[in-house]
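K.L.:
I'm passing along protein_13.txt; it holds compact mmCIF, C-alpha atoms.
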```txt
# COMPACT_ATOMS: atom_id res chain seq x y z
CA MET A 1 6.32 -29.97 11.61
CA THR A 2 4.78 -32.10 8.84
CA GLN A 3 6.54 -32.96 5.62
CA GLY A 4 5.43 -30.54 2.94
CA ALA A 5 3.77 -31.33 -0.37
CA LEU A 6 6.95 -30.22 -2.17
CA ALA A 7 9.37 -32.19 0.02
CA GLY A 8 12.39 -33.29 -2.00
CA LEU A 9 12.14 -30.38 -4.44
CA ARG A 10 15.40 -28.45 -4.76
CA VAL A 11 15.24 -24.75 -5.63
CA LEU A 12 18.17 -22.44 -6.36
CA ASP A 13 16.79 -19.00 -5.63
CA LEU A 14 18.69 -16.00 -6.98
CA THR A 15 15.77 -13.64 -6.44
CA TRP A 16 15.92 -10.51 -4.32
CA VAL A 17 13.68 -7.89 -2.68
CA LEU A 18 10.04 -9.00 -3.04
CA ALA A 19 8.41 -10.55 -6.13
CA GLY A 20 10.83 -13.46 -6.50
CA PRO A 21 11.40 -14.08 -2.77
CA TYR A 22 7.62 -14.11 -2.25
CA ALA A 23 7.31 -16.85 -4.88
CA SER A 24 10.11 -18.94 -3.40
CA MET A 25 8.62 -18.41 0.08
CA VAL A 26 5.42 -20.09 -1.11
CA LEU A 27 7.45 -23.07 -2.36
CA CYS A 28 9.43 -23.19 0.88
CA ASP A 29 6.28 -23.09 3.02
CA LEU A 30 5.10 -26.12 1.03
CA GLY A 31 8.25 -28.04 1.89
CA ALA A 32 10.69 -27.32 -0.95
CA GLU A 33 14.35 -26.92 -0.08
CA VAL A 34 14.98 -23.33 -1.12
CA VAL A 35 18.62 -22.31 -1.28
CA LYS A 36 18.95 -18.56 -1.50
CA VAL A 37 21.98 -17.70 -3.65
CA GLU A 38 23.23 -14.32 -2.45
CA ARG A 39 25.77 -11.97 -3.96
CA PRO A 40 28.84 -11.06 -1.90
CA PRO A 41 29.49 -9.02 0.12
CA ASP A 42 26.03 -7.92 1.30
CA GLY A 43 23.50 -10.35 -0.16
CA ASP A 44 19.86 -9.53 -0.83
CA VAL A 45 19.29 -5.78 -0.60
CA ALA A 46 16.16 -6.60 1.42
CA ARG A 47 18.53 -7.22 4.32
CA THR A 48 18.94 -3.42 4.51
CA THR A 49 15.19 -2.73 4.53
CA GLY A 50 13.59 -1.80 7.84
CA PRO A 51 12.19 -2.23 10.35
CA PHE A 52 15.19 -3.73 12.15
CA VAL A 53 15.30 -5.84 15.30
CA ASN A 54 18.80 -6.30 16.73
CA ASN A 55 20.19 -5.22 13.36
CA GLU A 56 18.21 -7.87 11.48
CA SER A 57 15.61 -6.84 8.90
CA ALA A 58 12.14 -7.97 9.92
CA TYR A 59 11.10 -7.27 6.32
CA PHE A 60 13.70 -9.73 5.02
CA GLN A 61 12.60 -12.30 7.57
CA SER A 62 8.95 -12.09 6.53
CA ILE A 63 9.58 -13.27 2.97
CA ASN A 64 12.67 -15.44 3.39
CA ARG A 65 11.60 -17.61 6.31
CA GLY A 66 12.67 -21.24 6.19
CA LYS A 67 15.20 -20.77 3.38
CA ARG A 68 18.92 -21.54 3.38
CA SER A 69 21.56 -19.01 2.31
CA ILE A 70 24.73 -19.51 0.33
CA ALA A 71 26.96 -16.70 -0.95
CA ILE A 72 28.65 -17.18 -4.35
CA ASP A 73 30.37 -14.59 -6.50
CA LEU A 74 28.80 -15.32 -9.88
CA ARG A 75 31.04 -12.73 -11.51
CA SER A 76 34.03 -15.01 -11.03
CA GLU A 77 34.70 -17.93 -13.34
CA ARG A 78 35.00 -20.35 -10.43
CA GLY A 79 31.76 -19.02 -8.97
CA LYS A 80 29.97 -19.60 -12.29
CA ALA A 81 31.36 -23.13 -12.52
CA LEU A 82 30.22 -23.85 -8.98
CA PHE A 83 26.75 -22.54 -9.70
CA LEU A 84 26.51 -24.63 -12.89
CA ASP A 85 27.39 -27.71 -10.87
CA LEU A 86 24.61 -26.86 -8.43
CA THR A 87 22.06 -26.42 -11.24
CA GLU A 88 22.66 -30.01 -12.33
CA ARG A 89 21.24 -31.09 -8.98
CA ALA A 90 18.39 -28.57 -8.84
CA ASP A 91 14.79 -28.88 -9.96
CA VAL A 92 14.16 -25.14 -10.18
CA VAL A 93 16.24 -22.01 -10.70
CA MET A 94 14.57 -18.68 -9.94
CA GLU A 95 15.71 -15.14 -10.72
CA ASN A 96 14.11 -11.72 -10.94
CA PHE A 97 16.82 -9.66 -12.60
CA THR A 98 16.32 -7.34 -15.55
CA PRO A 99 16.16 -9.56 -18.67
CA GLY A 100 19.59 -10.17 -20.12
CA ALA A 101 21.47 -10.04 -16.80
CA MET A 102 21.84 -13.80 -16.48
CA GLU A 103 22.83 -14.12 -20.13
CA ARG A 104 25.59 -11.56 -19.60
CA LEU A 105 26.88 -13.72 -16.77
CA GLY A 106 26.80 -16.74 -19.07
CA LEU A 107 24.10 -18.34 -16.90
CA GLY A 108 20.94 -17.81 -18.92
CA TYR A 109 18.22 -20.37 -19.51
CA GLU A 110 19.76 -21.86 -22.64
CA VAL A 111 23.07 -22.54 -20.87
CA LEU A 112 21.47 -23.97 -17.74
CA SER A 113 18.98 -26.13 -19.62
CA GLN A 114 21.84 -27.72 -21.57
CA ARG A 115 23.44 -28.72 -18.28
CA ASN A 116 20.11 -29.92 -16.85
CA PRO A 117 17.35 -30.56 -19.44
CA ARG A 118 14.83 -31.19 -16.64
CA LEU A 119 15.41 -27.79 -15.06
CA ILE A 120 12.51 -25.39 -14.52
CA TYR A 121 13.86 -21.86 -14.94
CA ALA A 122 11.56 -19.14 -13.56
CA ALA A 123 12.31 -15.56 -14.60
CA THR A 124 10.22 -12.83 -12.97
CA SER A 125 10.72 -9.29 -14.23
CA GLY A 126 8.97 -5.98 -14.62
CA PHE A 127 7.98 -6.41 -18.25
CA GLY A 128 8.86 -9.97 -19.22
CA GLN A 129 11.50 -11.54 -21.43
CA THR A 130 10.02 -10.19 -24.68
CA GLY A 131 8.59 -6.92 -25.95
CA PRO A 132 10.00 -3.42 -26.48
CA GLN A 133 10.22 -2.63 -22.76
CA ARG A 134 11.79 -5.92 -21.67
CA GLU A 135 14.98 -4.23 -20.39
CA LYS A 136 13.15 -1.45 -18.55
CA PRO A 137 13.48 -1.71 -14.75
CA ALA A 138 10.32 -1.64 -12.64
CA LEU A 139 9.22 -1.56 -9.03
CA ASP A 140 5.80 -2.18 -7.53
CA VAL A 141 4.46 1.37 -7.77
CA VAL A 142 5.55 1.65 -11.41
CA VAL A 143 3.62 -1.41 -12.57
CA GLN A 144 0.61 -0.47 -10.44
CA GLY A 145 0.62 2.80 -12.34
CA MET A 146 1.34 1.42 -15.81
CA GLY A 147 -1.04 -1.49 -15.32
CA GLY A 148 -4.07 0.70 -14.61
CA VAL A 149 -4.51 -0.42 -11.00
CA MET A 150 -3.75 3.00 -9.53
CA SER A 151 -6.24 4.67 -11.85
CA ILE A 152 -9.12 2.80 -10.18
CA THR A 153 -7.78 3.00 -6.62
CA GLY A 154 -8.76 5.88 -4.38
CA TYR A 155 -11.76 8.19 -4.24
CA PRO A 156 -13.36 10.04 -7.16
CA ASP A 157 -12.46 13.47 -5.75
CA GLY A 158 -8.89 12.47 -4.85
CA PRO A 159 -5.72 11.57 -6.74
CA PRO A 160 -4.86 8.03 -7.84
CA ALA A 161 -3.60 5.86 -4.97
CA ARG A 162 -1.20 2.97 -4.64
CA VAL A 163 -2.84 -0.18 -3.26
CA GLY A 164 -1.76 -0.47 0.37
CA THR A 165 0.04 -3.78 -0.14
CA SER A 166 2.54 -4.43 -2.93
CA VAL A 167 0.16 -6.07 -5.39
CA GLY A 168 2.58 -5.44 -8.25
CA ASP A 169 5.20 -7.64 -6.63
CA ILE A 170 2.98 -10.07 -4.77
CA SER A 171 0.71 -10.92 -7.71
CA ALA A 172 3.81 -11.58 -9.82
CA GLY A 173 5.21 -13.74 -7.03
CA LEU A 174 2.03 -15.79 -6.82
CA TYR A 175 1.86 -16.25 -10.60
CA THR A 176 5.53 -17.28 -10.57
CA ALA A 177 4.81 -19.97 -8.00
CA ILE A 178 1.81 -21.17 -10.02
CA GLY A 179 3.90 -21.26 -13.20
CA ILE A 180 6.62 -23.29 -11.50
CA LEU A 181 4.12 -25.81 -10.13
CA ALA A 182 2.49 -26.13 -13.56
CA ALA A 183 5.87 -26.69 -15.23
CA LEU A 184 6.78 -29.32 -12.64
CA ARG A 185 3.50 -31.13 -13.28
CA GLU A 186 4.12 -31.09 -17.03
CA ARG A 187 7.67 -32.36 -16.48
CA GLU A 188 6.21 -35.51 -14.92
CA MET A 189 4.71 -36.30 -18.33
CA SER A 190 7.34 -34.97 -20.74
CA GLY A 191 10.50 -35.37 -18.69
CA ALA A 192 11.62 -31.93 -19.86
CA GLY A 193 12.00 -28.63 -18.09
CA GLN A 194 11.01 -25.24 -19.47
CA LEU A 195 11.22 -21.48 -19.01
CA VAL A 196 8.59 -19.73 -16.88
CA ASP A 197 8.43 -16.06 -17.96
CA ILE A 198 6.42 -13.84 -15.59
CA SER A 199 5.95 -10.10 -16.13
CA MET A 200 4.82 -7.88 -13.26
CA LEU A 201 2.96 -5.67 -15.76
CA ASP A 202 1.20 -8.69 -17.29
CA CYS A 203 0.06 -9.71 -13.83
CA GLN A 204 -1.46 -6.29 -13.17
CA ILE A 205 -3.54 -6.63 -16.33
CA ALA A 206 -4.56 -10.14 -15.28
CA ILE A 207 -5.83 -9.09 -11.85
CA LEU A 208 -7.88 -6.19 -13.25
CA GLU A 209 -10.49 -8.84 -14.18
CA ASN A 210 -13.87 -7.05 -14.52
CA ALA A 211 -12.28 -3.64 -15.13
CA VAL A 212 -10.78 -4.93 -18.38
CA VAL A 213 -14.02 -6.58 -19.42
CA ARG A 214 -16.03 -3.45 -18.60
CA TYR A 215 -13.69 -1.28 -20.63
CA PHE A 216 -13.93 -3.43 -23.75
CA ALA A 217 -17.67 -4.02 -23.33
CA THR A 218 -18.60 -0.35 -22.84
CA GLY A 219 -15.69 1.65 -24.19
CA GLU A 220 -15.75 3.64 -20.95
CA GLU A 221 -12.76 4.04 -18.64
CA PRO A 222 -13.33 2.50 -15.18
CA GLN A 223 -13.07 5.16 -12.49
CA ARG A 224 -11.97 5.44 -8.86
CA LEU A 225 -14.85 4.46 -6.59
CA GLY A 226 -13.36 4.45 -3.10
CA THR A 227 -14.49 1.27 -1.36
CA ARG A 228 -17.44 0.75 -3.69
CA HIS A 229 -18.04 -1.99 -6.24
CA PRO A 230 -18.69 -0.89 -9.83
CA SER A 231 -21.81 -3.03 -10.33
CA ALA A 232 -23.25 -3.89 -6.89
CA THR A 233 -24.74 -1.62 -4.22
CA PRO A 234 -24.50 -1.52 -1.21
CA PHE A 235 -20.99 -2.97 -1.36
CA GLN A 236 -18.59 -0.70 0.53
CA ALA A 237 -17.34 0.69 3.84
CA PHE A 238 -19.78 2.65 6.00
CA PRO A 239 -19.12 4.99 8.95
CA THR A 240 -20.62 4.04 12.30
CA SER A 241 -20.82 5.92 15.58
CA ASP A 242 -17.40 4.62 16.65
CA GLY A 243 -15.61 3.53 13.49
CA TRP A 244 -16.32 1.78 10.20
CA LEU A 245 -17.81 -1.44 8.94
CA VAL A 246 -17.84 -3.14 5.56
CA LEU A 247 -21.13 -4.45 4.17
CA ALA A 248 -21.91 -6.20 0.89
CA LEU A 249 -25.35 -7.40 -0.15
CA ALA A 250 -25.26 -10.77 -1.87
CA TRP A 251 -26.18 -11.08 -5.53
CA GLY A 252 -29.44 -12.89 -6.17
CA VAL A 253 -30.77 -12.69 -2.59
CA ASP A 254 -33.91 -10.64 -3.08
CA ASN A 255 -34.85 -9.92 0.53
CA GLN A 256 -31.52 -8.52 1.76
CA TRP A 257 -32.26 -4.96 0.59
CA ALA A 258 -35.56 -4.96 2.48
CA LEU A 259 -33.92 -6.43 5.59
CA LEU A 260 -31.19 -3.81 5.47
CA CYS A 261 -33.67 -0.94 5.14
CA SER A 262 -35.73 -2.32 8.01
CA ALA A 263 -32.66 -2.67 10.22
CA LEU A 264 -31.70 0.92 9.43
CA ASP A 265 -35.25 2.11 10.22
CA ARG A 266 -35.54 3.33 6.63
CA VAL A 267 -38.38 1.22 5.29
CA ASP A 268 -39.24 4.12 3.00
CA LEU A 269 -36.23 3.17 0.86
CA ILE A 270 -37.39 -0.39 0.18
CA ASP A 271 -39.74 0.39 -2.69
CA ASP A 272 -38.16 3.67 -3.76
CA PRO A 273 -38.01 3.26 -7.56
CA ARG A 274 -34.49 4.68 -7.58
CA PHE A 275 -33.20 1.89 -5.36
CA ASP A 276 -35.37 -1.21 -5.75
CA THR A 277 -32.75 -3.17 -7.72
CA SER A 278 -28.99 -3.43 -7.32
CA PHE A 279 -28.52 -1.97 -10.80
CA LYS A 280 -30.66 1.08 -9.94
CA ARG A 281 -28.91 1.51 -6.61
CA THR A 282 -25.59 1.58 -8.41
CA GLN A 283 -26.84 4.06 -10.97
CA ASN A 284 -28.25 6.29 -8.22
CA HIS A 285 -25.47 5.77 -5.71
CA ALA A 286 -24.85 9.49 -5.24
CA ALA A 287 -28.37 9.90 -3.88
CA LEU A 288 -28.37 6.69 -1.82
CA GLU A 289 -25.01 6.86 -0.08
CA PRO A 290 -25.76 9.90 2.14
CA GLU A 291 -28.98 8.24 3.34
CA LEU A 292 -27.16 5.04 4.30
CA PHE A 293 -24.28 6.94 5.90
CA GLU A 294 -26.65 8.94 8.09
CA ALA A 295 -28.47 5.81 9.25
CA MET A 296 -25.27 3.82 9.91
CA ARG A 297 -23.81 6.57 12.11
CA LYS A 298 -26.54 5.99 14.72
CA ARG A 299 -25.00 2.81 16.20
CA PRO A 300 -21.52 1.46 16.96
CA THR A 301 -19.82 -1.02 14.68
CA ALA A 302 -20.25 -4.06 16.93
CA GLU A 303 -24.01 -3.60 17.18
CA TRP A 304 -24.45 -3.27 13.44
CA VAL A 305 -22.24 -6.26 12.72
CA ALA A 306 -24.18 -8.46 15.14
CA LEU A 307 -27.51 -7.29 13.71
CA PHE A 308 -26.57 -7.77 10.06
CA GLU A 309 -24.92 -11.14 10.73
CA GLY A 310 -28.22 -12.24 12.23
CA TYR A 311 -29.80 -11.50 8.85
CA GLY A 312 -27.18 -13.60 7.06
CA MET A 313 -25.48 -10.62 5.45
CA ALA A 314 -21.81 -10.42 4.53
CA VAL A 315 -20.49 -7.86 7.00
CA GLY A 316 -17.48 -7.17 9.15
CA PRO A 317 -15.64 -4.40 10.96
CA LEU A 318 -13.08 -2.36 9.06
CA ASN A 319 -10.02 -3.29 11.08
CA THR A 320 -6.62 -1.75 11.43
CA VAL A 321 -3.71 -4.11 10.81
CA GLY A 322 -3.29 -4.51 14.56
CA GLU A 323 -6.96 -5.40 14.93
CA ALA A 324 -6.87 -7.71 11.92
CA VAL A 325 -4.00 -9.86 13.17
CA THR A 326 -5.53 -10.30 16.64
CA GLN A 327 -8.99 -11.43 15.50
CA GLU A 328 -10.35 -14.61 17.06
CA GLN A 329 -10.76 -16.15 13.60
CA ILE A 330 -7.15 -15.43 12.68
CA GLU A 331 -6.02 -17.00 15.97
CA ALA A 332 -8.20 -20.05 15.38
CA ARG A 333 -6.72 -20.50 11.92
CA GLU A 334 -3.17 -20.04 13.30
CA MET A 335 -2.42 -17.33 10.75
CA ILE A 336 0.26 -15.66 12.85
CA ALA A 337 3.42 -17.73 13.10
CA GLU A 338 6.25 -17.45 15.62
CA VAL A 339 9.82 -18.33 14.66
CA GLN A 340 13.06 -18.25 16.59
CA HIS A 341 15.99 -16.31 15.17
CA PRO A 342 19.51 -16.68 16.61
CA SER A 343 20.07 -12.96 17.11
CA VAL A 344 16.54 -11.57 17.21
CA GLY A 345 14.77 -14.13 19.36
CA THR A 346 11.06 -14.60 18.72
CA LEU A 347 9.65 -13.10 15.53
CA GLN A 348 5.97 -13.00 14.60
CA MET A 349 4.83 -12.94 10.98
CA ALA A 350 1.95 -13.93 8.72
CA ALA A 351 1.71 -17.69 8.33
CA SER A 352 0.93 -19.69 5.19
CA PRO A 353 -2.75 -19.70 4.19
CA LEU A 354 -2.32 -22.97 2.27
CA ARG A 355 -4.40 -25.50 4.20
CA LEU A 356 -3.86 -28.99 2.77
CA SER A 357 -5.33 -31.77 4.89
CA ARG A 358 -2.14 -33.88 5.01
CA THR A 359 0.68 -31.59 3.86
CA PRO A 360 -0.23 -28.01 4.76
CA GLY A 361 1.90 -24.97 4.10
CA GLN A 362 3.95 -24.12 7.20
CA VAL A 363 6.51 -21.53 8.22
CA ARG A 364 9.59 -23.71 8.51
CA GLY A 365 11.88 -21.46 10.50
CA ALA A 366 13.43 -18.02 10.47
CA GLY A 367 15.08 -16.42 7.49
CA PRO A 368 18.75 -17.35 7.11
CA LEU A 369 21.79 -15.42 8.16
CA TYR A 370 23.87 -14.37 5.16
CA GLY A 371 25.95 -17.30 3.88
CA ALA A 372 24.99 -19.47 6.85
CA HIS A 373 24.47 -22.60 4.77
CA THR A 374 27.26 -22.28 2.20
CA LYS A 375 29.29 -25.14 3.69
CA ASP A 376 26.28 -27.39 4.26
CA VAL A 377 24.79 -26.96 0.77
CA LEU A 378 28.11 -27.46 -1.02
CA ARG A 379 28.72 -30.59 1.04
CA GLU A 380 25.21 -32.02 0.60
CA TRP A 381 24.72 -31.13 -3.06
CA LEU A 382 28.27 -31.41 -4.43
CA GLY A 383 30.11 -33.51 -1.85
CA LEU A 384 32.70 -30.81 -1.10
CA GLY A 385 34.58 -31.12 2.15
CA ASP A 386 35.31 -28.32 4.61
CA ASP A 387 38.84 -27.85 3.27
CA ALA A 388 37.55 -27.36 -0.27
CA VAL A 389 34.96 -24.85 0.90
CA GLU A 390 37.55 -22.97 2.95
CA GLU A 391 39.79 -22.77 -0.13
CA LEU A 392 36.88 -21.35 -2.16
CA ALA A 393 36.21 -18.85 0.60
CA GLY A 394 39.85 -17.85 0.75
CA ALA A 395 39.80 -17.24 -3.00
CA GLY A 396 36.72 -15.01 -2.67
CA VAL A 397 34.51 -17.39 -4.64
CA VAL A 398 32.12 -18.05 -1.75
CA GLU A 399 31.41 -16.57 1.66
CA THR A 400 30.28 -18.42 4.75
CA ALA A 401 29.37 -15.49 7.00
CA GLY A 402 29.02 -11.74 6.94
CA GLY A 403 26.34 -9.63 5.35
CA PRO A 404 25.61 -5.91 5.46
CA ASP A 405 26.67 -3.75 8.40
CA ILE A 406 23.24 -2.45 9.38
CA GLU A 407 24.55 0.01 11.96
CA GLN A 408 26.80 1.57 9.34
CA TYR A 409 23.91 1.56 6.88
CA LEU A 410 21.64 3.38 9.34
CA ARG A 411 24.34 5.97 10.07
CA ALA A 412 24.95 6.69 6.39
```
As structure tokens, how would this structure be written, given the file I've shared?

P.N.:
Amino acid sequence: MTQGALAGLRVLDLTWVLAGPYASMVLCDLGAEVVKVERPPDGDVARTTGPFVNNESAYFQSINRGKRSIAIDLRSERGKALFLDLTERADVVMENFTPGAMERLGLGYEVLSQRNPRLIYAATSGFGQTGPQREKPALDVVVQGMGGVMSITGYPDGPPARVGTSVGDISAGLYTAIGILAALREREMSGAGQLVDISMLDCQIAILENAVVRYFATGEEPQRLGTRHPSATPFQAFPTSDGWLVLALAWGVDNQWALLCSALDRVDLIDDPRFDTSFKRTQNHAALEPELFEAMRKRPTAEWVALFEGYGMAVGPLNTVGEAVTQEQIEAREMIAEVQHPSVGTLQMAASPLRLSRTPGQVRGAGPLYGAHTKDVLREWLGLGDDAVEELAGAGVVETAGGPDIEQYLRA
């Protein structure tokens, strides 16, 4: 295990479920010490999200790997004081509560920044810290809907569809990590921390990229196109005799259309005036698609992929998740990580895609048991001895073990 690019960075992570934990996972994979601050008695609600292996949430493990867990009751005055002491020794505090929640606890950005002027405080929320909807709660599907993403996902003759992965949460998590890294870089020059305010809805607008530009440029609402691209054709999934493949002709490569038509034994389409440019093919897609579908169905996926790759085309099979994670390329890039968990044993999960030549992103261990590191963190960060921690535990200020009863949760 190599030392990460963020080694020495201390992060107090109050985030829960997905957007915030995904952001802190990125920092952890890069070597930051991420201390997950969990609320007694059950901790992060993601611990009760299936699937479960030996009563441990595999979902929780996938986005909390390598972190440490402490349990502090921030509703108690002693718990707040303890947390404030920890923030003085932290570089970053992260939370993804509804705006105003930390202020009501007396632990908002203004309070924490007075204790530690160098602190980076990252707040991820559904709608941001400002605006008329700032206090409105949101989950992934809500911001996908409100942000316009669902309106352009799916097929023209079907209803709107949620993107198959949680792009509402994950895009916000990635932007949160970027914001934190930018603030840390600026702190090297100014010496001062700052607030990073990330809105899930904002991030959905940001990732719409050409859809937003097309709307303002044309005044027309972008529509659902299935697997197609709005301005390039062919650029979609095609049925084969035994499955599907995905093919995209490159922009600016004039001979690819002719090569494709020849490979499909449809040379008559090469100079068809309806299809002789990408723009025309897009405009006349309804007439072209059935012709391409019929031709593609004549051979299996593997044969087409090999043929088109020989022509230098961008092509690949349309894989299931199981097929995707067992590809030779994924194995060569070591994109599936194995970690050892004390009660689960071996867990497999997606690895970090961050390939730095000296300090790459790495999965640095399994996700923590609830409260497993309370004693260690309070000793290392604050110098508290075991007796002091036991007294805090006896008073209900901290917990050193426990977590949700998954069997009881599943029976409920």

K.L.:
In Å, with one decimal, what is the gap from CA of Ala263 in chain A to CA of Ala295 in chain A?

P.N.:
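Computing it gives 9.5 Å between the two atoms.
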
K.L.:
Write out, as JSON lines, each residue of range 328-376 of chain A that has an atom at most 9 Å from range 17-27 of chain A, together with the closest pair of atoms and their distance in Å to one decimal, counting all atoms listed in the file, rows going by chain and rising number.

P.N.:
```
{"residue": "A:Ser352", "atom": "CA", "partner": "A:Val26", "partner_atom": "CA", "distance": 7.7}
{"residue": "A:Leu354", "atom": "CA", "partner": "A:Val26", "partner_atom": "CA", "distance": 8.9}
{"residue": "A:Gly361", "atom": "CA", "partner": "A:Val26", "partner_atom": "CA", "distance": 8.0}
{"residue": "A:Val363", "atom": "CA", "partner": "A:Met25", "partner_atom": "CA", "distance": 9.0}
```

K.L.:
Find the distance between CA of Phe293 in chain A and CA of Thr240 in chain A and write it in Å to one decimal.

P.N.:
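These atoms are spaced 7.9 Å apart.
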
K.L.:
Give me the residues within 12 Å of Ala5 in chain A as a tab-separated table (two decimals) with C-alpha atoms, keeping the file's coordinate frame, counting all atoms listed in the file and dropping any in the same chain fewer than 3 places off.

P.N.:
```
chain	number	residue	atom	x	y	z
A	2	THR	CA	4.78	-32.10	8.84
A	8	GLY	CA	12.39	-33.29	-2.00
A	9	LEU	CA	12.14	-30.38	-4.44
A	26	VAL	CA	5.42	-20.09	-1.11
A	27	LEU	CA	7.45	-23.07	-2.36
A	28	CYS	CA	9.43	-23.19	0.88
A	29	ASP	CA	6.28	-23.09	3.02
A	30	LEU	CA	5.10	-26.12	1.03
A	31	GLY	CA	8.25	-28.04	1.89
A	32	ALA	CA	10.69	-27.32	-0.95
A	33	GLU	CA	14.35	-26.92	-0.08
A	181	LEU	CA	4.12	-25.81	-10.13
A	354	LEU	CA	-2.32	-22.97	2.27
A	355	ARG	CA	-4.40	-25.50	4.20
A	356	LEU	CA	-3.86	-28.99	2.77
A	357	SER	CA	-5.33	-31.77	4.89
A	358	ARG	CA	-2.14	-33.88	5.01
A	359	THR	CA	0.68	-31.59	3.86
A	360	PRO	CA	-0.23	-28.01	4.76
A	361	GLY	CA	1.90	-24.97	4.10
A	362	GLN	CA	3.95	-24.12	7.20
```

K.L.:
Taking 3 positions as the minimum chain separation for residues in the same chain, which residues sit within 7 Å of Val196 in chain A when counting all atoms listed in the file? Answer as an MDAnalysis selection string.

P.N.:
chainID A and resid 121:123 179:180

K.L.:
What is the distance, in Å and to one decimal place, between CA of His373 in chain A and CA of Pro99 in chain A?

P.N.:
28.1 Å

K.L.:
Neighbours of Asp387 in chain A within 12 Å (only C-alpha atoms; same-chain residues fewer than 6 positions away dropped), as JSON, numbers by chain?

P.N.:
{"A": [375, 378, 379, 393, 394]}

K.L.:
Determine, counting all atoms listed in the file, which protein, DNA and RNA residues have an atom within 8 Å of an atom of Leu201 in chain A; residues of the same chain fewer than 4 positions away are not included. Present the result as a PyMOL selection string.

P.N.:
chain A and resi 126-127+143-144+146-147+168+205

K.L.:
Just want the 12 Å neighbourhood of Gln194 in chain A, counted on all atoms listed in the file, with same-chain residues fewer than 2 positions away dropped. Output as a PDB file with C-alpha atoms, in the frame of the given file.

P.N.:
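Final output, saved to selection35.pdb:
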```
ATOM      1  CA  ASP A  91      14.790 -28.880  -9.960  1.00  0.00           C
ATOM      2  CA  VAL A  92      14.160 -25.140 -10.180  1.00  0.00           C
ATOM      3  CA  VAL A  93      16.240 -22.010 -10.700  1.00  0.00           C
ATOM      4  CA  TYR A 109      18.220 -20.370 -19.510  1.00  0.00           C
ATOM      5  CA  GLU A 110      19.760 -21.860 -22.640  1.00  0.00           C
ATOM      6  CA  LEU A 112      21.470 -23.970 -17.740  1.00  0.00           C
ATOM      7  CA  SER A 113      18.980 -26.130 -19.620  1.00  0.00           C
ATOM      8  CA  GLN A 114      21.840 -27.720 -21.570  1.00  0.00           C
ATOM      9  CA  ASN A 116      20.110 -29.920 -16.850  1.00  0.00           C
ATOM     10  CA  PRO A 117      17.350 -30.560 -19.440  1.00  0.00           C
ATOM     11  CA  ARG A 118      14.830 -31.190 -16.640  1.00  0.00           C
ATOM     12  CA  LEU A 119      15.410 -27.790 -15.060  1.00  0.00           C
ATOM     13  CA  ILE A 120      12.510 -25.390 -14.520  1.00  0.00           C
ATOM     14  CA  TYR A 121      13.860 -21.860 -14.940  1.00  0.00           C
ATOM     15  CA  ALA A 122      11.560 -19.140 -13.560  1.00  0.00           C
ATOM     16  CA  ALA A 123      12.310 -15.560 -14.600  1.00  0.00           C
ATOM     17  CA  GLY A 179       3.900 -21.260 -13.200  1.00  0.00           C
ATOM     18  CA  ILE A 180       6.620 -23.290 -11.500  1.00  0.00           C
ATOM     19  CA  LEU A 181       4.120 -25.810 -10.130  1.00  0.00           C
ATOM     20  CA  ALA A 182       2.490 -26.130 -13.560  1.00  0.00           C
ATOM     21  CA  ALA A 183       5.870 -26.690 -15.230  1.00  0.00           C
ATOM     22  CA  LEU A 184       6.780 -29.320 -12.640  1.00  0.00           C
ATOM     23  CA  ARG A 185       3.500 -31.130 -13.280  1.00  0.00           C
ATOM     24  CA  GLU A 186       4.120 -31.090 -17.030  1.00  0.00           C
ATOM     25  CA  ARG A 187       7.670 -32.360 -16.480  1.00  0.00           C
ATOM     26  CA  SER A 190       7.340 -34.970 -20.740  1.00  0.00           C
ATOM     27  CA  GLY A 191      10.500 -35.370 -18.690  1.00  0.00           C
ATOM     28  CA  ALA A 192      11.620 -31.930 -19.860  1.00  0.00           C
ATOM     29  CA  VAL A 196       8.590 -19.730 -16.880  1.00  0.00           C
ATOM     30  CA  ASP A 197       8.430 -16.060 -17.960  1.00  0.00           C
TER      31      ASP A 197
END
```

K.L.:
Determine the nearest neighbour of Leu86 in chain A from the options A:Met102, A:Ala350, A:Val35, A:Val339, counting only C-alpha atoms.

P.N.:
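Comparing A:Met102, A:Ala350, A:Val35, A:Val339 against Leu86 in chain A, the winner is A:Val35.
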
K.L.:
Tell me which of A:Phe52, A:Phe216, A:Trp16, A:Trp381 sits closest to Thr124 in chain A, counting all atoms listed in the file.

P.N.:
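Once distances to Thr124 in chain A are computed over all atoms listed in the file, the minimum belongs to A:Trp16.
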
K.L.:
Under the rule that all atoms listed in the file are counted, which of A:Ala237, A:Arg228, A:Thr176, A:Val34 is the nearest residue to Leu6 in chain A?

P.N.:
A:Val34

K.L.:
I'd like the box whose edges run along x, y and z of the file and which contains every listed atom of range 142-154 of chain A, padded by 3 Å per side; could you state its centre and edge lengths in Å, one decimal, as lines of an AutoDock Vina configuration file?

P.N.:
```
center_x = -1.8
center_y = 2.2
center_z = -10.1
size_x = 20.7
size_y = 13.4
size_z = 17.4
```

K.L.:
Check the smallest atom-to-atom distance from each of A:Ala90, A:Val305, A:Ile406, A:Leu392 to Glu77 in chain A using all atoms listed in the file, then report the winner.

P.N.:
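Among A:Ala90, A:Val305, A:Ile406, A:Leu392, it is A:Leu392 that comes nearest to Glu77 in chain A.
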